[in-house]
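Raw contents of my_file.cif, mmCIF, C-alpha atoms:
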```
data_start
#
loop_
_atom_site.label_atom_id
_atom_site.label_comp_id
_atom_site.auth_asym_id
_atom_site.auth_seq_id
_atom_site.Cartn_x
_atom_site.Cartn_y
_atom_site.Cartn_z
CA MET A 20 46.94 -21.51 -28.99
CA ALA A 21 45.49 -19.81 -32.07
CA CYS A 22 45.28 -16.05 -32.06
CA SER A 23 41.80 -14.63 -32.19
CA CYS A 24 42.95 -11.17 -33.24
CA SER A 25 44.46 -9.96 -36.46
CA GLY A 26 46.61 -7.15 -35.13
CA PRO A 27 47.29 -4.76 -32.27
CA GLU A 28 44.02 -2.87 -32.67
CA PRO A 29 41.93 -2.83 -29.46
CA GLN A 30 38.81 -4.95 -29.44
CA SER A 31 35.47 -3.18 -29.09
CA PRO A 32 33.53 -4.03 -25.93
CA ALA A 33 30.29 -5.95 -26.26
CA PRO A 34 27.25 -3.70 -26.86
CA GLY A 35 25.77 -2.53 -23.56
CA PHE A 36 28.73 -3.66 -21.44
CA ARG A 37 29.84 -0.11 -20.56
CA ARG A 38 26.34 0.85 -19.42
CA ALA A 39 26.11 -2.35 -17.35
CA LEU A 40 29.42 -1.49 -15.69
CA TRP A 41 28.21 1.98 -14.70
CA ILE A 42 25.06 0.50 -13.16
CA ALA A 43 27.14 -2.05 -11.24
CA LEU A 44 29.54 0.68 -10.07
CA TRP A 45 26.90 2.95 -8.54
CA VAL A 46 24.99 0.08 -6.93
CA ASN A 47 28.17 -1.24 -5.34
CA LEU A 48 29.27 2.15 -4.05
CA ALA A 49 25.86 2.75 -2.45
CA MET A 50 25.80 -0.67 -0.81
CA PHE A 51 29.36 -0.24 0.47
CA PHE A 52 28.27 2.73 2.59
CA VAL A 53 25.04 1.04 3.71
CA GLU A 54 26.70 -2.23 4.72
CA GLY A 55 29.76 -0.52 6.16
CA ILE A 56 27.65 1.47 8.61
CA ALA A 57 25.46 -1.54 9.40
CA SER A 58 28.48 -3.76 10.06
CA LEU A 59 29.82 -1.30 12.63
CA GLN A 60 26.44 -1.15 14.34
CA SER A 61 25.87 -4.92 14.38
CA GLY A 62 29.44 -6.15 14.94
CA SER A 63 29.07 -8.72 12.14
CA VAL A 64 32.21 -10.02 10.44
CA SER A 65 30.33 -11.42 7.44
CA LEU A 66 28.52 -8.11 6.95
CA MET A 67 31.79 -6.20 7.18
CA ALA A 68 33.37 -8.63 4.73
CA ASP A 69 30.50 -8.03 2.33
CA ALA A 70 30.87 -4.26 2.69
CA ILE A 71 34.60 -4.45 1.93
CA ASP A 72 33.76 -6.64 -1.03
CA PHE A 73 31.37 -3.98 -2.34
CA PHE A 74 34.15 -1.41 -2.11
CA GLY A 75 36.62 -3.71 -3.87
CA ASP A 76 34.12 -4.40 -6.63
CA SER A 77 33.55 -0.67 -7.11
CA ALA A 78 37.27 -0.17 -7.60
CA ASN A 79 37.33 -3.09 -10.02
CA TYR A 80 34.45 -1.67 -12.07
CA ILE A 81 36.30 1.65 -12.34
CA LEU A 82 39.34 -0.27 -13.55
CA SER A 83 37.24 -2.15 -16.10
CA LEU A 84 35.72 1.08 -17.41
CA THR A 85 39.22 2.56 -17.76
CA VAL A 86 40.56 -0.27 -19.95
CA LEU A 87 37.29 -1.08 -21.74
CA SER A 88 38.34 0.40 -25.08
CA MET A 89 41.94 -0.80 -24.85
CA GLY A 90 43.43 -3.91 -26.38
CA MET A 91 43.27 -7.44 -25.02
CA LEU A 92 46.68 -7.09 -23.35
CA TRP A 93 45.63 -4.22 -21.09
CA ARG A 94 42.25 -5.76 -20.39
CA GLY A 95 43.98 -8.99 -19.41
CA ARG A 96 46.31 -7.07 -17.12
CA ALA A 97 43.33 -5.34 -15.49
CA ALA A 98 41.69 -8.72 -14.88
CA LEU A 99 44.96 -10.00 -13.42
CA VAL A 100 44.99 -7.14 -10.91
CA LYS A 101 41.37 -7.83 -10.02
CA GLY A 102 42.01 -11.53 -9.52
CA ILE A 103 44.92 -10.88 -7.20
CA THR A 104 42.85 -8.30 -5.30
CA MET A 105 40.01 -10.78 -4.80
CA ALA A 106 42.38 -13.41 -3.45
CA ILE A 107 43.93 -10.90 -1.02
CA PHE A 108 40.43 -9.87 0.10
CA GLY A 109 39.69 -13.49 0.95
CA LEU A 110 42.80 -13.73 3.09
CA VAL A 111 41.87 -10.50 4.92
CA VAL A 112 38.40 -11.87 5.70
CA TRP A 113 39.95 -15.00 7.18
CA ALA A 114 42.26 -12.88 9.34
CA ARG A 115 39.34 -10.75 10.55
CA ALA A 116 37.30 -13.82 11.45
CA VAL A 117 40.16 -15.19 13.55
CA TRP A 118 40.51 -11.85 15.34
CA VAL A 119 36.79 -11.65 16.17
CA LEU A 120 36.83 -15.25 17.39
CA GLU A 121 39.57 -14.41 19.84
CA ALA A 122 37.79 -11.20 20.92
CA GLY A 123 34.54 -13.09 21.64
CA ILE A 124 32.21 -10.59 19.89
CA THR A 125 28.61 -11.70 19.15
CA PRO A 126 26.87 -9.76 16.30
CA GLU A 127 23.32 -8.41 16.25
CA PRO A 128 21.26 -10.66 13.91
CA LEU A 129 18.35 -8.34 12.99
CA THR A 130 20.60 -5.76 11.34
CA MET A 131 22.55 -8.53 9.63
CA GLY A 132 19.42 -10.08 8.12
CA SER A 133 17.69 -6.90 6.97
CA VAL A 134 20.78 -5.34 5.40
CA GLY A 135 21.76 -8.69 3.89
CA LEU A 136 18.35 -8.88 2.19
CA LEU A 137 18.74 -5.35 0.80
CA ALA A 138 22.19 -6.21 -0.51
CA LEU A 139 20.86 -9.41 -2.08
CA VAL A 140 18.20 -7.50 -4.01
CA ALA A 141 20.81 -5.02 -5.24
CA ASN A 142 23.26 -7.71 -6.32
CA VAL A 143 20.70 -9.92 -8.03
CA GLY A 144 19.76 -6.90 -10.14
CA VAL A 145 23.41 -6.29 -11.02
CA ALA A 146 24.01 -9.99 -11.73
CA MET A 147 21.04 -10.09 -14.12
CA THR A 148 22.41 -7.01 -15.90
CA LEU A 149 25.85 -8.61 -16.33
CA PHE A 150 24.70 -12.19 -16.99
CA ARG A 151 24.95 -12.03 -20.78
CA PHE A 152 28.59 -10.89 -20.60
CA ARG A 153 29.79 -13.84 -18.48
CA GLU A 154 31.40 -15.71 -21.41
CA GLY A 155 33.46 -12.76 -22.69
CA ASP A 156 37.18 -12.12 -22.15
CA SER A 157 38.88 -12.35 -18.76
CA ASP A 158 37.86 -8.80 -17.84
CA MET A 159 34.17 -9.45 -18.59
CA ARG A 160 34.33 -12.78 -16.80
CA SER A 161 35.88 -11.18 -13.72
CA VAL A 162 33.06 -8.62 -13.58
CA TRP A 163 30.47 -11.39 -13.79
CA LEU A 164 32.19 -13.46 -11.10
CA CYS A 165 32.33 -10.46 -8.77
CA SER A 166 28.60 -9.92 -9.14
CA ARG A 167 27.78 -13.63 -8.78
CA ASN A 168 29.91 -13.97 -5.68
CA ASP A 169 28.26 -10.92 -4.13
CA ALA A 170 24.78 -12.41 -4.53
CA ILE A 171 25.95 -15.68 -2.98
CA SER A 172 27.59 -13.78 -0.13
CA ASN A 173 24.40 -11.85 0.59
CA MET A 174 22.41 -15.07 0.95
CA ALA A 175 25.12 -16.43 3.20
CA VAL A 176 24.94 -13.34 5.43
CA MET A 177 21.20 -13.87 5.84
CA VAL A 178 21.78 -17.51 6.77
CA ALA A 179 24.40 -16.38 9.28
CA ALA A 180 21.93 -13.91 10.79
CA LEU A 181 19.42 -16.72 11.35
CA GLY A 182 22.16 -18.84 12.86
CA VAL A 183 23.27 -16.10 15.25
CA PHE A 184 19.65 -15.46 16.25
CA GLY A 185 19.02 -19.15 16.89
CA THR A 186 22.24 -19.97 18.75
CA GLY A 187 23.11 -16.68 20.40
CA THR A 188 26.74 -17.17 19.40
CA ALA A 189 29.07 -15.71 16.77
CA TRP A 190 29.90 -19.07 15.19
CA PRO A 191 27.40 -18.86 12.28
CA ASP A 192 28.74 -15.40 11.39
CA LEU A 193 32.33 -16.58 11.57
CA ILE A 194 31.67 -19.71 9.50
CA VAL A 195 29.95 -17.69 6.77
CA ALA A 196 32.77 -15.14 6.81
CA ALA A 197 35.28 -17.98 6.33
CA ILE A 198 33.24 -19.35 3.40
CA MET A 199 33.09 -15.88 1.83
CA GLY A 200 36.84 -15.57 2.18
CA THR A 201 37.40 -18.95 0.56
CA LEU A 202 35.03 -18.07 -2.29
CA ALA A 203 36.97 -14.87 -2.95
CA ILE A 204 40.27 -16.75 -2.99
CA THR A 205 39.08 -19.43 -5.44
CA ALA A 206 37.41 -16.87 -7.73
CA GLY A 207 40.55 -14.76 -7.68
CA ILE A 208 42.66 -17.75 -8.71
CA SER A 209 40.21 -18.52 -11.55
CA ILE A 210 40.38 -14.94 -12.83
CA VAL A 211 44.18 -14.88 -12.64
CA ARG A 212 44.40 -18.07 -14.73
CA HIS A 213 42.01 -16.69 -17.35
CA ALA A 214 43.82 -13.34 -17.41
CA ARG A 215 47.19 -15.01 -17.97
CA LYS A 216 45.76 -16.88 -20.95
CA ASP A 217 44.43 -13.63 -22.42
CA ILE A 218 47.77 -11.88 -21.86
CA ALA A 219 49.66 -14.74 -23.49
CA GLU A 220 47.27 -14.66 -26.45
CA ALA A 221 47.68 -10.90 -26.81
CA HIS A 222 51.48 -11.25 -26.81
CA ALA A 223 51.27 -14.02 -29.42
CA CYS A 224 49.07 -11.87 -31.64
CA ALA A 225 51.46 -8.94 -31.32
CA LEU A 226 54.42 -11.11 -32.32
CA LYS A 227 52.64 -12.75 -35.25
CA PRO A 228 53.06 -9.80 -37.70
CA GLU A 229 56.76 -9.54 -36.81
CA ILE A 230 57.31 -13.25 -37.45
CA THR A 231 55.47 -12.97 -40.77
CA MET A 232 57.62 -10.00 -41.86
CA SER A 233 60.86 -11.75 -40.88
CA ARG A 234 59.88 -14.80 -42.88
CA GLY A 235 59.06 -12.60 -45.85
CA HIS A 236 62.63 -11.36 -45.91
#
```

Take the structure in the file and write it out as structure tokens.
Amino acid sequence: MACSCSGPEPQSPAPGFRRALWIALWVNLAMFFVEGIASLQSGSVSLMADAIDFFGDSANYILSLTVLSMGMLWRGRAALVKGITMAIFGLVVWARAVWVLEAGITPEPLTMGSVGLLALVANVGVAMTLFRFREGDSDMRSVWLCSRNDAISNMAVMVAALGVFGTGTAWPDLIVAAIMGTLAITAGISIVRHARKDIAEAHACALKPEITMSRGH
């Protein structure tokens, strides 16, 4: 793999990326509180999963802002942490869905649908803001995937609300929650793979000057 850097100097973030991250951070924090309260009122697993996802994304955006001006190595490490976190989140959602299935809880569909629509509007706005950064390094890509997955999850919650309303059972909510968990796991794996490539490239670039000097002697 060829190195794309010429030394240990940190790479500058793409213009506008920091501002986009701040917008995403505040939107996600606000929606975490809104969906968290709504999930407790409605008893929806998919809505609770989406609220937890909002909180996780907020933490990830803070992490991205912290390492934004650092080198590729630290940004790759941050993306690695985010990827692992997303995968763990998916496993937690699966566990919660199994627990609710055994408890026999049926959610309230009206709250699910209305709050899901609000969250969808918020996440589509964030996704549009981050869209042009989707092909950047692993950290930028992880931010984009988080936003994309959130928008997909919001639409899924609305579908689940219609399903619960039509059937009077919790199965649509549980199925959507399981899909959301699987999506988080697969996205987390993708981010981890990309982050490992960035970390390996950063290590190779750091070693390149030392190899050149040793050959010069």

Given the PyMOL selection byres ((chain A and resi 205-220) around 6) and the file above, list the residues it selects as an mmCIF file with C-alpha atoms, in the frame of the given file.
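Wrote part18.cif, looks like this:
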```cif
data_model
loop_
_atom_site.group_PDB
_atom_site.id
_atom_site.type_symbol
_atom_site.label_atom_id
_atom_site.label_comp_id
_atom_site.auth_asym_id
_atom_site.auth_seq_id
_atom_site.Cartn_x
_atom_site.Cartn_y
_atom_site.Cartn_z
ATOM 1 C CA LEU A 92 46.680 -7.090 -23.350
ATOM 2 C CA GLY A 95 43.980 -8.990 -19.410
ATOM 3 C CA ALA A 98 41.690 -8.720 -14.880
ATOM 4 C CA LEU A 99 44.960 -10.000 -13.420
ATOM 5 C CA GLY A 102 42.010 -11.530 -9.520
ATOM 6 C CA ILE A 103 44.920 -10.880 -7.200
ATOM 7 C CA MET A 105 40.010 -10.780 -4.800
ATOM 8 C CA ALA A 106 42.380 -13.410 -3.450
ATOM 9 C CA SER A 157 38.880 -12.350 -18.760
ATOM 10 C CA SER A 161 35.880 -11.180 -13.720
ATOM 11 C CA LEU A 202 35.030 -18.070 -2.290
ATOM 12 C CA ALA A 203 36.970 -14.870 -2.950
ATOM 13 C CA ILE A 204 40.270 -16.750 -2.990
ATOM 14 C CA ALA A 221 47.680 -10.900 -26.810
ATOM 15 C CA HIS A 222 51.480 -11.250 -26.810
ATOM 16 C CA ALA A 223 51.270 -14.020 -29.420
#
```

Legend entry - Residue neighbourhood segment 189-194 of chain A, 12 Å, only C-alpha atoms, exclusion window fewer than 6 positions, as JSON, numbers by chain: {"A": [58, 61, 62, 63, 64, 65, 66, 67, 68, 69, 112, 113, 114, 115, 116, 117, 118, 119, 120, 121, 122, 123, 124, 125, 126, 127, 128, 131, 132, 172, 175, 176, 177, 178, 179, 180, 181, 182, 183, 200, 201]}

Write out, as a tab-separated table, each residue of segment 66-142 of chain A that has an atom at most 10 Å from segment 47-51 of chain A, together with the closest pair of atoms and their distance in Å to one decimal, counting only C-alpha atoms, rows going by chain and rising number.
```
residue	atom	partner	partner_atom	distance
A:Met67	CA	A:Phe51	CA	9.3
A:Asp69	CA	A:Phe51	CA	8.1
A:Ala70	CA	A:Phe51	CA	4.8
A:Ile71	CA	A:Phe51	CA	6.9
A:Asp72	CA	A:Phe51	CA	7.9
A:Phe73	CA	A:Phe51	CA	5.1
A:Phe74	CA	A:Phe51	CA	5.6
A:Gly75	CA	A:Asn47	CA	8.9
A:Asp76	CA	A:Asn47	CA	6.9
A:Ser77	CA	A:Asn47	CA	5.7
A:Ala78	CA	A:Leu48	CA	9.1
A:Tyr80	CA	A:Asn47	CA	9.2
A:Val134	CA	A:Met50	CA	9.3
A:Leu137	CA	A:Met50	CA	8.6
A:Ala138	CA	A:Met50	CA	6.6
A:Ala141	CA	A:Met50	CA	8.0
A:Asn142	CA	A:Asn47	CA	8.2
```

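Picture a line from atom CA of Asp169 of chain A to atom CA of Leu44 of chain A; it runs 13.1 Å.
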
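What separates atom CA of Thr130 of chain A from atom CA of Asn173 of chain A is a distance of 12.9 Å.
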
Inset, instruction - Please measure the separation of atom CA of Met174 of chain A and atom CA of Gly35 of chain A, giving the value in Å to one decimal. - result: 27.7 Å

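Nearest residue to Trp45 of chain A, choosing from A:Leu129, A:Leu59, A:Met199, A:Val145 and counting all atoms listed in the file: A:Val145.
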
Please give the centre and size of the box around segment 196-199 of chain A (axis-aligned, containing every atom listed in the file, 4 Å added per side), with values in Å to one decimal and written as JSON.
```
{"center_x": 34.0, "center_y": -17.2, "center_z": 4.3, "size_x": 10.5, "size_y": 12.2, "size_z": 13.0}
```

Legend entry - Minimum-distance residue to Gly144 of chain A, chosen among A:Ala170, A:Leu40, A:Val53, A:Cys165 (using only C-alpha atoms): A:Ala170

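Closest to Ser166 of chain A among A:Arg38, A:Ala43, A:Gly187, A:Phe52 is A:Ala43, based on only C-alpha atoms.
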
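For the residues A:Val100, A:Met147, A:Ala57, A:Cys224, ranking by smallest atom-to-atom distance to Gly135 of chain A using only C-alpha atoms places A:Ala57 first.
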